[in-house]
Amino acid sequence: MKLTKGIITVLAAALAVAISVTGSYALTIYPIDRAAILAGQRFDFKVEFDRVVNIQDIKVTINGKDYTRVFGKNAEFIEKEKGVNPEASAIILRDVEIKTHGKYTVVADDGMNRKVVAWEVYPINREIKKAKNIILMIGDGMSIGHRTAARILSKGITEGKYHSKLSMDDMPHMALVGTSGVDSVITDSANSASAYATGHKSSVNALGVYADRTPDPFDDPKVETITEYVKRTRKMAVGIVTDAEVQDATPAAMAAHTRRRATKAEITQMLFDVDVDVLMGGGSAYFLPMSTPGSKRKDNTDFFNVFRNAGYTIATTKAELSDAASNPKTMKLLGQFHTGNMDCALDNLFLRKGTTDKFPEQPGLVEMTKTAIDVLSRHKNGFVLMVEGALIDKASHPLDWERAVIDTIQFDKAVEAAKGFAKKRKDTLILVVADHTHGINIVGTIDDNKEAEQMRDKIGVYADAGYPDYKDEDKDGYPDSIDVSKRLAVFFNNFPDYYETFRPKLDGRFVPAVKNEKGHYVANEKYKDVPGAVLRTGNLPRKASDGVHTADDVVLTADGPGAERVHGFMDNTEVFRVMVNALR
């Protein structure tokens, strides 16, 4: 085919346009299109232009009015945002709010480009039953498979019927919740927990902010969290309980504002600044000054002293936690029981594996939950408490399903404790939910007594599966042993290369893959010679060290004043709306 001069000219022009677009930006408005904003909730307003513009050319309106009239103040104009390449301008207003509910259309125009977004500013629904307290319980990564396996191991099942329900099953209101974020159909704990805490979508690794284009993790447009909101408007007490580091994504989402969830030293300061009344979990490495062995700080601030000087009782062991709980003068409590994530229930309560030799006096999630409720209920204006069963997720990533399920049982016992408190009072809304899912499924049973050369042939499916033989003779709600001869066949649907052993990992947490000299994750040879082990070729990229989150909806169950708003399918941002409506 012969190209004419005209065609060549057109192609060259198109190529030039394509090249010029590479690395450019779209004109962007934060909060984003279809954002739902609580009337009176504070947020940062930002417009990012796609090039360097003159301030005189900028026109921004909200429902046809100049934005300065709506917000009552002028924006900061940044001619060239720091660290942004190619160079581009922006305007930003910090800490604004809209008090009048309704539909809002925001239009930004720089003389060459135009962007339009729509917001819903919603009021408190005063027809909803009023709650004095809210307990938000998040089973991190808890999927349907975790709940089903936990019910089997904890309650037992014969002839198709469970002998009883989990505490989280026995709640009158239920919904499915979508978890996707601004930038991906697959969420992480940071932006999914932020949706619960703020009512706004965010991006992977972002906490309490809309992720903008600048490299600075602390200058992104912020959104007020529920803990900040109830402190500011209601003088309520707030609590955060987790068995991970308190700076980890889910607990941090209740108070922090950063583009990078890994900025844990700074998150420690943010947790203090929000004035969290009860803060419990691991993560003491970010409290200790850098001169102390094991510290992960880069300064010599001793946050134990910072909290102590602010009136907090400090607990670092199970015994100290018990003393703090029994003292009626304890109004503020900091519990720090591990330098990193606490040990999961299977290791901490039964096997005494993991790091229990270094941290032998770790309380469990149930004890921390009960103590948090005891202390917070001493505050006359009510409280908002977030309790996270973090280790469900921490064990699911490395495909260690038994540890994940035992932690699901422990989490359910914490739910039972919260329900016990609420039952006596009738003024407490309890929400039980996951932040995202893992690809975990029960496919049958594994029977060691079945004659077969390979372990995979010991798997029974359909009628051949029957029922596992877990027992709970001591009636503590946990199986007496997970190493039974006929056990659940549970597998994850996404994984790196690894050796499937078909057996529980009693010697410590499973490490399915390790990095080779090329930087790829390959099957961990430690498990190669386990009798019956089978190499499973991964279905994830070779840079994946373990299993990943999935996009499945999560289950939300609820009870108490305001729970009637929980039904059908909900977006994760609507959980925030349920909470603030219940609090009026």
# chains A, B, ... in the order shown; residues from 1 in each chain; ligands from 1
>>> residues_around(residues="Gly208 (chain A)", least_positions_apart="4", cutoff="7 Å", atoms="only C-alpha atoms", output="list in words")
Ser194, Thr198, Lys222, Val223, Thr225, Ala253, Ala256, His257 and Thr258 of chain A
>>> select_by_dssp(residues="region 250-336 of chain A", states="alpha helix (DSSP H)", output="CSV table (one decimal) with N, CA and C atoms, in the first residue's frame")
chain,number,residue,atom,x,y,z
A,250,THR,N,-6.0,-1.5,58.9
A,250,THR,CA,-7.4,-1.4,59.4
A,250,THR,C,-7.5,-0.5,60.6
A,251,PRO,N,-6.7,-0.7,61.7
A,251,PRO,CA,-6.9,0.2,62.8
A,251,PRO,C,-6.5,1.6,62.5
A,252,ALA,N,-5.4,1.8,61.7
A,252,ALA,CA,-5.0,3.1,61.3
A,252,ALA,C,-6.0,3.9,60.5
A,253,ALA,N,-6.8,3.2,59.7
A,253,ALA,CA,-7.9,3.8,58.9
A,253,ALA,C,-8.9,4.6,59.8
A,264,LYS,N,4.3,4.0,59.3
A,264,LYS,CA,3.8,3.6,60.6
A,264,LYS,C,4.3,4.5,61.8
A,265,ALA,N,5.5,5.0,61.7
A,265,ALA,CA,5.9,5.9,62.8
A,265,ALA,C,5.1,7.2,62.8
A,266,GLU,N,4.8,7.7,61.7
A,266,GLU,CA,3.9,8.9,61.6
A,266,GLU,C,2.5,8.6,62.0
A,267,ILE,N,2.0,7.4,61.7
A,267,ILE,CA,0.7,7.0,62.1
A,267,ILE,C,0.5,6.9,63.6
A,268,THR,N,1.6,6.5,64.3
A,268,THR,CA,1.6,6.5,65.8
A,268,THR,C,1.3,7.9,66.3
A,269,GLN,N,1.9,8.9,65.7
A,269,GLN,CA,1.6,10.3,66.1
A,269,GLN,C,0.1,10.6,65.8
A,270,MET,N,-0.4,10.2,64.7
A,270,MET,CA,-1.8,10.5,64.3
A,270,MET,C,-2.7,9.8,65.3
A,271,LEU,N,-2.5,8.6,65.7
A,271,LEU,CA,-3.3,7.9,66.7
A,271,LEU,C,-3.4,8.7,68.0
A,272,PHE,N,-2.3,9.3,68.4
A,272,PHE,CA,-2.2,10.1,69.6
A,272,PHE,C,-3.0,11.4,69.4
A,273,ASP,N,-2.8,12.0,68.2
A,273,ASP,CA,-3.4,13.3,68.0
A,273,ASP,C,-4.9,13.3,68.0
A,303,PHE,N,7.0,7.1,72.8
A,303,PHE,CA,5.5,7.3,72.8
A,303,PHE,C,4.9,6.7,74.0
A,304,PHE,N,5.5,5.8,74.6
A,304,PHE,CA,5.0,5.3,75.9
A,304,PHE,C,4.9,6.4,76.9
A,305,ASN,N,5.9,7.2,76.9
A,305,ASN,CA,5.9,8.4,77.8
A,305,ASN,C,4.9,9.5,77.3
A,306,VAL,N,4.8,9.6,76.0
A,306,VAL,CA,3.9,10.6,75.5
A,306,VAL,C,2.5,10.2,75.9
A,307,PHE,N,2.1,9.0,75.8
A,307,PHE,CA,0.8,8.5,76.2
A,307,PHE,C,0.6,8.6,77.7
A,308,ARG,N,1.6,8.2,78.4
A,308,ARG,CA,1.6,8.1,79.9
A,308,ARG,C,1.4,9.6,80.4
A,309,ASN,N,2.1,10.5,79.9
A,309,ASN,CA,2.0,11.9,80.3
A,309,ASN,C,0.6,12.5,80.0
A,318,LYS,N,-0.9,-9.5,79.8
A,318,LYS,CA,-2.2,-9.9,80.2
A,318,LYS,C,-2.6,-9.5,81.6
A,319,ALA,N,-1.7,-9.7,82.5
A,319,ALA,CA,-1.9,-9.3,83.9
A,319,ALA,C,-2.1,-7.8,84.1
A,320,GLU,N,-1.3,-7.0,83.4
A,320,GLU,CA,-1.5,-5.6,83.5
A,320,GLU,C,-2.8,-5.1,82.9
A,321,LEU,N,-3.2,-5.8,81.8
A,321,LEU,CA,-4.5,-5.5,81.2
A,321,LEU,C,-5.6,-5.8,82.2
A,322,SER,N,-5.6,-6.9,82.9
A,322,SER,CA,-6.6,-7.2,83.9
A,322,SER,C,-6.6,-6.2,85.0
A,323,ASP,N,-5.5,-5.7,85.4
A,323,ASP,CA,-5.4,-4.7,86.5
A,323,ASP,C,-6.0,-3.4,86.0
A,324,ALA,N,-5.7,-3.0,84.8
A,324,ALA,CA,-6.3,-1.8,84.2
A,324,ALA,C,-7.8,-1.9,84.1
A,325,ALA,N,-8.3,-3.0,83.7
A,325,ALA,CA,-9.7,-3.2,83.5
A,325,ALA,C,-10.5,-3.1,84.8
A,326,SER,N,-9.9,-3.6,85.9
A,326,SER,CA,-10.6,-3.7,87.1
A,326,SER,C,-10.5,-2.4,87.9
>>> closest_residue(among="A:Pro479, A:Gly340, A:Gly354, A:Gly311", to="Ile409 (chain A)", atoms="only C-alpha atoms")
A:Pro479
>>> closest_atom_pairs(of="region 175-288 of chain A", to="region 83-106 of chain A", cutoff="10 Å", atoms="only C-alpha atoms", output="CSV")
residue,atom,partner,partner_atom,distance
A:Arg213,CA,A:Val84,CA,7.0
A:Thr214,CA,A:Val84,CA,5.9
A:Pro215,CA,A:Gly83,CA,6.1
A:Asp216,CA,A:Gly83,CA,8.1
A:Asp220,CA,A:Ile92,CA,9.8
A:Pro221,CA,A:Arg94,CA,7.7
A:Lys222,CA,A:Arg94,CA,8.0
A:Val223,CA,A:Asp95,CA,8.5
A:Glu224,CA,A:Asp95,CA,8.6
>>> write_last_selection(atoms="C-alpha atoms", output="mmCIF file, in the first residue's frame")
data_model
loop_
_atom_site.group_PDB
_atom_site.id
_atom_site.type_symbol
_atom_site.label_atom_id
_atom_site.label_comp_id
_atom_site.auth_asym_id
_atom_site.auth_seq_id
_atom_site.Cartn_x
_atom_site.Cartn_y
_atom_site.Cartn_z
ATOM 1 C CA ARG A 213 -0.611 12.707 42.033
ATOM 2 C CA THR A 214 1.994 14.232 44.350
ATOM 3 C CA PRO A 215 4.743 12.020 45.837
ATOM 4 C CA ASP A 216 4.306 13.418 49.362
ATOM 5 C CA ASP A 220 -3.281 14.264 49.822
ATOM 6 C CA PRO A 221 -6.863 15.534 50.239
ATOM 7 C CA LYS A 222 -8.117 14.333 53.622
ATOM 8 C CA VAL A 223 -11.570 13.200 54.699
ATOM 9 C CA GLU A 224 -12.680 13.337 58.330
#
>>> select_by_dssp(residues="region 308-457 of chain A", states="strand (DSSP E or B)", output="count of residues only")
30
>>> atom_distance(atom1="CA of Ala418 (chain A)", atom2="CA of Gly335 (chain A)")
18.8 Å
>>> closest_atom_pairs(of="region 118-202 of chain A", to="region 232-244 of chain A", cutoff="12 Å", atoms="only C-alpha atoms", output="CSV")
residue,atom,partner,partner_atom,distance
A:Lys132,CA,A:Met236,CA,9.4
A:Asn133,CA,A:Met236,CA,9.0
A:Ile134,CA,A:Val238,CA,9.5
A:Ile135,CA,A:Gly239,CA,9.2
A:Leu136,CA,A:Ile240,CA,9.7
A:Met137,CA,A:Val241,CA,9.4
A:Ile138,CA,A:Thr242,CA,9.4
A:Gly139,CA,A:Thr242,CA,10.0
A:Asp140,CA,A:Thr242,CA,10.0
A:Ala197,CA,A:Ile240,CA,11.9
>>> atom_distance(atom1="CA of Val117 (chain A)", atom2="CA of Ala190 (chain A)")
24.6 Å
>>> closest_atom_pairs(of="region 306-406 of chain A", to="region 522-546 of chain A", cutoff="10 Å", atoms="only C-alpha atoms", output="CSV")
residue,atom,partner,partner_atom,distance
A:Ser396,CA,A:Asp546,CA,8.9
A:His397,CA,A:Asp546,CA,5.5
A:Pro398,CA,A:Asp546,CA,5.1
A:Leu399,CA,A:Asp546,CA,7.2
>>> atom_distance(atom1="CA of Leu207 (chain A)", atom2="CA of Lys419 (chain A)")
28.8 Å
>>> residues_around(residues="Tyr162 (chain A)", least_positions_apart="2", cutoff="12 Å", atoms="only C-alpha atoms", output="list in words")
Thr148, Ala149, Ala150, Arg151, Ile152, Leu153, Ser154, Lys155, Gly156, Ile157, Thr158, Glu159, Gly160, Ser164, Lys165, Leu166, Asp169 and Tyr467 of chain A
>>> write_last_selection(atoms="N, CA and C atoms", output="mmCIF file, in the first residue's frame")
data_model
loop_
_atom_site.group_PDB
_atom_site.id
_atom_site.type_symbol
_atom_site.label_atom_id
_atom_site.label_comp_id
_atom_site.auth_asym_id
_atom_site.auth_seq_id
_atom_site.Cartn_x
_atom_site.Cartn_y
_atom_site.Cartn_z
ATOM 1 N N THR A 148 -17.815 -20.488 57.314
ATOM 2 C CA THR A 148 -18.349 -21.848 57.256
ATOM 3 C C THR A 148 -17.431 -22.829 57.974
ATOM 4 N N ALA A 149 -16.134 -22.740 57.706
ATOM 5 C CA ALA A 149 -15.180 -23.633 58.368
ATOM 6 C C ALA A 149 -15.174 -23.402 59.875
ATOM 7 N N ALA A 150 -15.251 -22.133 60.293
ATOM 8 C CA ALA A 150 -15.282 -21.830 61.731
ATOM 9 C C ALA A 150 -16.515 -22.434 62.388
ATOM 10 N N ARG A 151 -17.649 -22.390 61.695
ATOM 11 C CA ARG A 151 -18.883 -22.959 62.243
ATOM 12 C C ARG A 151 -18.756 -24.478 62.383
ATOM 13 N N ILE A 152 -18.126 -25.111 61.398
ATOM 14 C CA ILE A 152 -17.944 -26.570 61.457
ATOM 15 C C ILE A 152 -17.019 -26.948 62.607
ATOM 16 N N LEU A 153 -15.876 -26.264 62.696
ATOM 17 C CA LEU A 153 -14.895 -26.616 63.724
ATOM 18 C C LEU A 153 -15.356 -26.239 65.118
ATOM 19 N N SER A 154 -16.113 -25.152 65.239
ATOM 20 C CA SER A 154 -16.523 -24.672 66.554
ATOM 21 C C SER A 154 -17.819 -25.313 67.038
ATOM 22 N N LYS A 155 -18.790 -25.458 66.130
ATOM 23 C CA LYS A 155 -20.118 -25.892 66.552
ATOM 24 C C LYS A 155 -20.447 -27.322 66.170
ATOM 25 N N GLY A 156 -19.797 -27.831 65.118
ATOM 26 C CA GLY A 156 -20.065 -29.192 64.677
ATOM 27 C C GLY A 156 -21.257 -29.276 63.739
ATOM 28 N N ILE A 157 -21.253 -30.299 62.897
ATOM 29 C CA ILE A 157 -22.333 -30.508 61.939
ATOM 30 C C ILE A 157 -22.519 -32.006 61.727
ATOM 31 N N THR A 158 -23.754 -32.461 61.770
ATOM 32 C CA THR A 158 -24.092 -33.852 61.455
ATOM 33 C C THR A 158 -25.397 -33.863 60.673
ATOM 34 N N GLU A 159 -25.482 -34.782 59.739
ATOM 35 C CA GLU A 159 -26.673 -34.969 58.915
ATOM 36 C C GLU A 159 -27.173 -33.646 58.324
ATOM 37 N N GLY A 160 -26.213 -32.800 57.965
ATOM 38 C CA GLY A 160 -26.548 -31.577 57.252
ATOM 39 C C GLY A 160 -26.941 -30.398 58.111
ATOM 40 N N SER A 164 -25.141 -25.586 66.384
ATOM 41 C CA SER A 164 -25.530 -24.227 66.791
ATOM 42 C C SER A 164 -24.883 -23.245 65.826
ATOM 43 N N LYS A 165 -25.170 -21.963 66.029
ATOM 44 C CA LYS A 165 -24.667 -20.923 65.145
ATOM 45 C C LYS A 165 -23.478 -20.204 65.761
ATOM 46 N N LEU A 166 -22.715 -19.526 64.905
ATOM 47 C CA LEU A 166 -21.747 -18.564 65.386
ATOM 48 C C LEU A 166 -22.500 -17.343 65.912
ATOM 49 N N ASP A 169 -23.503 -15.123 63.182
ATOM 50 C CA ASP A 169 -24.617 -15.622 62.377
ATOM 51 C C ASP A 169 -25.955 -15.161 62.947
ATOM 52 N N TYR A 467 -18.373 -36.325 56.775
ATOM 53 C CA TYR A 467 -18.141 -35.227 57.723
ATOM 54 C C TYR A 467 -16.807 -35.406 58.430
#
>>> residues_around(residues="region 370-375 of chain A", least_positions_apart="2", cutoff="7 Å", atoms="only C-alpha atoms", output="PyMOL selection string")
chain A and resi 239+278+325+330-331+366-368+377-378+417
>>> decode(residues="region 12-147 of chain A", atoms="C-alpha atoms", output="PDB file, in the first residue's frame")
ATOM      1  CA  ALA A  12       2.709  11.949  12.085  1.00  0.00           C
ATOM      2  CA  ALA A  13       0.353  14.401  13.779  1.00  0.00           C
ATOM      3  CA  ALA A  14      -1.503  11.573  15.521  1.00  0.00           C
ATOM      4  CA  LEU A  15       1.790  10.102  16.737  1.00  0.00           C
ATOM      5  CA  ALA A  16       2.869  13.485  18.068  1.00  0.00           C
ATOM      6  CA  VAL A  17      -0.398  13.789  20.002  1.00  0.00           C
ATOM      7  CA  ALA A  18       0.020  10.288  21.418  1.00  0.00           C
ATOM      8  CA  ILE A  19       3.559  11.103  22.544  1.00  0.00           C
ATOM      9  CA  SER A  20       2.502  14.379  24.127  1.00  0.00           C
ATOM     10  CA  VAL A  21      -0.272  12.637  26.074  1.00  0.00           C
ATOM     11  CA  THR A  22       2.160  10.132  27.576  1.00  0.00           C
ATOM     12  CA  GLY A  23       2.829  11.129  31.167  1.00  0.00           C
ATOM     13  CA  SER A  24       0.154  13.824  31.154  1.00  0.00           C
ATOM     14  CA  TYR A  25      -2.726  14.170  33.623  1.00  0.00           C
ATOM     15  CA  ALA A  26      -6.453  14.469  33.431  1.00  0.00           C
ATOM     16  CA  LEU A  27      -8.162  17.379  35.117  1.00  0.00           C
ATOM     17  CA  THR A  28      -9.266  15.895  38.444  1.00  0.00           C
ATOM     18  CA  ILE A  29     -11.570  16.994  41.265  1.00  0.00           C
ATOM     19  CA  TYR A  30     -11.502  15.662  44.825  1.00  0.00           C
ATOM     20  CA  PRO A  31     -13.844  14.484  46.313  1.00  0.00           C
ATOM     21  CA  ILE A  32     -14.513  12.396  43.234  1.00  0.00           C
ATOM     22  CA  ASP A  33     -17.643  12.000  41.139  1.00  0.00           C
ATOM     23  CA  ARG A  34     -20.581  10.357  42.944  1.00  0.00           C
ATOM     24  CA  ALA A  35     -19.044  11.022  46.360  1.00  0.00           C
ATOM     25  CA  ALA A  36     -21.572  10.912  49.205  1.00  0.00           C
ATOM     26  CA  ILE A  37     -20.659  13.409  51.913  1.00  0.00           C
ATOM     27  CA  LEU A  38     -22.212  13.745  55.350  1.00  0.00           C
ATOM     28  CA  ALA A  39     -23.524  17.279  55.880  1.00  0.00           C
ATOM     29  CA  GLY A  40     -21.054  18.950  58.231  1.00  0.00           C
ATOM     30  CA  GLN A  41     -18.287  16.390  57.697  1.00  0.00           C
ATOM     31  CA  ARG A  42     -14.947  18.043  57.025  1.00  0.00           C
ATOM     32  CA  PHE A  43     -12.866  17.303  53.961  1.00  0.00           C
ATOM     33  CA  ASP A  44     -10.206  18.789  51.695  1.00  0.00           C
ATOM     34  CA  PHE A  45     -11.256  20.108  48.292  1.00  0.00           C
ATOM     35  CA  LYS A  46      -8.714  19.885  45.489  1.00  0.00           C
ATOM     36  CA  VAL A  47      -8.660  20.499  41.750  1.00  0.00           C
ATOM     37  CA  GLU A  48      -5.686  19.175  39.793  1.00  0.00           C
ATOM     38  CA  PHE A  49      -5.168  20.787  36.397  1.00  0.00           C
ATOM     39  CA  ASP A  50      -3.481  18.923  33.581  1.00  0.00           C
ATOM     40  CA  ARG A  51      -0.876  21.596  32.895  1.00  0.00           C
ATOM     41  CA  VAL A  52       0.516  24.842  34.316  1.00  0.00           C
ATOM     42  CA  VAL A  53      -2.328  27.389  34.248  1.00  0.00           C
ATOM     43  CA  ASN A  54      -2.813  31.038  35.143  1.00  0.00           C
ATOM     44  CA  ILE A  55      -4.873  31.627  38.249  1.00  0.00           C
ATOM     45  CA  GLN A  56      -6.901  34.198  36.296  1.00  0.00           C
ATOM     46  CA  ASP A  57      -8.058  31.470  33.890  1.00  0.00           C
ATOM     47  CA  ILE A  58      -9.435  29.192  36.630  1.00  0.00           C
ATOM     48  CA  LYS A  59     -13.157  29.083  37.200  1.00  0.00           C
ATOM     49  CA  VAL A  60     -14.610  26.644  39.741  1.00  0.00           C
ATOM     50  CA  THR A  61     -18.290  26.606  40.605  1.00  0.00           C
ATOM     51  CA  ILE A  62     -20.512  24.552  42.876  1.00  0.00           C
ATOM     52  CA  ASN A  63     -24.155  24.569  41.805  1.00  0.00           C
ATOM     53  CA  GLY A  64     -23.367  27.584  39.679  1.00  0.00           C
ATOM     54  CA  LYS A  65     -21.840  29.605  42.529  1.00  0.00           C
ATOM     55  CA  ASP A  66     -18.172  30.431  42.857  1.00  0.00           C
ATOM     56  CA  TYR A  67     -16.632  27.787  45.125  1.00  0.00           C
ATOM     57  CA  THR A  68     -15.265  30.461  47.498  1.00  0.00           C
ATOM     58  CA  ARG A  69     -18.830  31.518  48.319  1.00  0.00           C
ATOM     59  CA  VAL A  70     -19.858  27.924  49.065  1.00  0.00           C
ATOM     60  CA  PHE A  71     -16.870  27.136  51.244  1.00  0.00           C
ATOM     61  CA  GLY A  72     -16.427  30.611  52.705  1.00  0.00           C
ATOM     62  CA  LYS A  73     -12.718  30.904  51.984  1.00  0.00           C
ATOM     63  CA  ASN A  74     -10.212  31.051  49.176  1.00  0.00           C
ATOM     64  CA  ALA A  75      -8.136  28.143  47.939  1.00  0.00           C
ATOM     65  CA  GLU A  76      -4.377  27.927  47.922  1.00  0.00           C
ATOM     66  CA  PHE A  77      -3.148  28.171  44.323  1.00  0.00           C
ATOM     67  CA  ILE A  78      -0.125  26.019  43.533  1.00  0.00           C
ATOM     68  CA  GLU A  79       1.319  27.020  40.186  1.00  0.00           C
ATOM     69  CA  LYS A  80       3.631  23.996  39.988  1.00  0.00           C
ATOM     70  CA  GLU A  81       2.965  21.107  42.334  1.00  0.00           C
ATOM     71  CA  LYS A  82       6.108  19.803  44.006  1.00  0.00           C
ATOM     72  CA  GLY A  83       7.380  16.521  42.593  1.00  0.00           C
ATOM     73  CA  VAL A  84       4.854  16.447  39.750  1.00  0.00           C
ATOM     74  CA  ASN A  85       6.329  15.806  36.296  1.00  0.00           C
ATOM     75  CA  PRO A  86       5.275  17.093  33.823  1.00  0.00           C
ATOM     76  CA  GLU A  87       4.638  20.309  35.718  1.00  0.00           C
ATOM     77  CA  ALA A  88       1.021  21.144  36.496  1.00  0.00           C
ATOM     78  CA  SER A  89      -1.047  23.440  38.709  1.00  0.00           C
ATOM     79  CA  ALA A  90      -3.616  22.808  41.433  1.00  0.00           C
ATOM     80  CA  ILE A  91      -5.875  24.553  43.915  1.00  0.00           C
ATOM     81  CA  ILE A  92      -6.647  23.134  47.366  1.00  0.00           C
ATOM     82  CA  LEU A  93      -8.785  24.096  50.343  1.00  0.00           C
ATOM     83  CA  ARG A  94      -8.236  22.315  53.633  1.00  0.00           C
ATOM     84  CA  ASP A  95     -10.884  21.493  56.229  1.00  0.00           C
ATOM     85  CA  VAL A  96     -14.034  22.633  54.458  1.00  0.00           C
ATOM     86  CA  GLU A  97     -17.590  21.409  54.947  1.00  0.00           C
ATOM     87  CA  ILE A  98     -21.040  21.718  53.409  1.00  0.00           C
ATOM     88  CA  LYS A  99     -23.798  21.979  55.968  1.00  0.00           C
ATOM     89  CA  THR A 100     -26.812  22.006  53.650  1.00  0.00           C
ATOM     90  CA  HIS A 101     -27.817  18.646  52.251  1.00  0.00           C
ATOM     91  CA  GLY A 102     -28.709  18.176  48.592  1.00  0.00           C
ATOM     92  CA  LYS A 103     -27.271  17.451  45.157  1.00  0.00           C
ATOM     93  CA  TYR A 104     -24.170  19.409  44.174  1.00  0.00           C
ATOM     94  CA  THR A 105     -22.587  19.799  40.751  1.00  0.00           C
ATOM     95  CA  VAL A 106     -18.952  20.894  40.756  1.00  0.00           C
ATOM     96  CA  VAL A 107     -17.469  22.358  37.570  1.00  0.00           C
ATOM     97  CA  ALA A 108     -13.783  23.191  37.108  1.00  0.00           C
ATOM     98  CA  ASP A 109     -12.596  25.081  34.014  1.00  0.00           C
ATOM     99  CA  ASP A 110      -9.118  26.402  33.205  1.00  0.00           C
ATOM    100  CA  GLY A 111      -9.951  27.988  29.857  1.00  0.00           C
ATOM    101  CA  MET A 112      -8.975  24.924  27.843  1.00  0.00           C
ATOM    102  CA  ASN A 113     -10.327  21.947  29.765  1.00  0.00           C
ATOM    103  CA  ARG A 114     -13.443  21.344  31.806  1.00  0.00           C
ATOM    104  CA  LYS A 115     -14.358  18.733  34.427  1.00  0.00           C
ATOM    105  CA  VAL A 116     -17.733  18.077  36.047  1.00  0.00           C
ATOM    106  CA  VAL A 117     -18.468  15.884  39.092  1.00  0.00           C
ATOM    107  CA  ALA A 118     -21.618  15.356  41.130  1.00  0.00           C
ATOM    108  CA  TRP A 119     -21.818  14.997  44.912  1.00  0.00           C
ATOM    109  CA  GLU A 120     -24.589  13.973  47.238  1.00  0.00           C
ATOM    110  CA  VAL A 121     -24.486  15.789  50.577  1.00  0.00           C
ATOM    111  CA  TYR A 122     -26.776  13.845  52.866  1.00  0.00           C
ATOM    112  CA  PRO A 123     -28.324  14.709  56.232  1.00  0.00           C
ATOM    113  CA  ILE A 124     -28.661  12.608  59.341  1.00  0.00           C
ATOM    114  CA  ASN A 125     -31.831  10.530  59.125  1.00  0.00           C
ATOM    115  CA  ARG A 126     -33.559  11.357  62.403  1.00  0.00           C
ATOM    116  CA  GLU A 127     -36.181   8.666  61.926  1.00  0.00           C
ATOM    117  CA  ILE A 128     -33.584   5.979  62.595  1.00  0.00           C
ATOM    118  CA  LYS A 129     -33.478   4.546  66.109  1.00  0.00           C
ATOM    119  CA  LYS A 130     -30.800   6.323  68.110  1.00  0.00           C
ATOM    120  CA  ALA A 131     -27.741   4.492  69.447  1.00  0.00           C
ATOM    121  CA  LYS A 132     -25.496   5.712  72.248  1.00  0.00           C
ATOM    122  CA  ASN A 133     -22.621   3.391  71.325  1.00  0.00           C
ATOM    123  CA  ILE A 134     -21.315   1.742  68.184  1.00  0.00           C
ATOM    124  CA  ILE A 135     -19.102  -1.334  67.996  1.00  0.00           C
ATOM    125  CA  LEU A 136     -17.719  -1.956  64.506  1.00  0.00           C
ATOM    126  CA  MET A 137     -16.122  -5.395  64.289  1.00  0.00           C
ATOM    127  CA  ILE A 138     -13.975  -6.150  61.259  1.00  0.00           C
ATOM    128  CA  GLY A 139     -12.773  -9.671  60.529  1.00  0.00           C
ATOM    129  CA  ASP A 140      -9.902  -8.780  58.231  1.00  0.00           C
ATOM    130  CA  GLY A 141     -10.119 -10.885  55.081  1.00  0.00           C
ATOM    131  CA  MET A 142     -12.966 -12.946  56.526  1.00  0.00           C
ATOM    132  CA  SER A 143     -14.766 -14.704  53.684  1.00  0.00           C
ATOM    133  CA  ILE A 144     -17.738 -17.050  53.520  1.00  0.00           C
ATOM    134  CA  GLY A 145     -15.293 -19.963  53.545  1.00  0.00           C
ATOM    135  CA  HIS A 146     -13.760 -18.782  56.831  1.00  0.00           C
ATOM    136  CA  ARG A 147     -17.160 -18.450  58.454  1.00  0.00           C
TER     137      ARG A 147
END
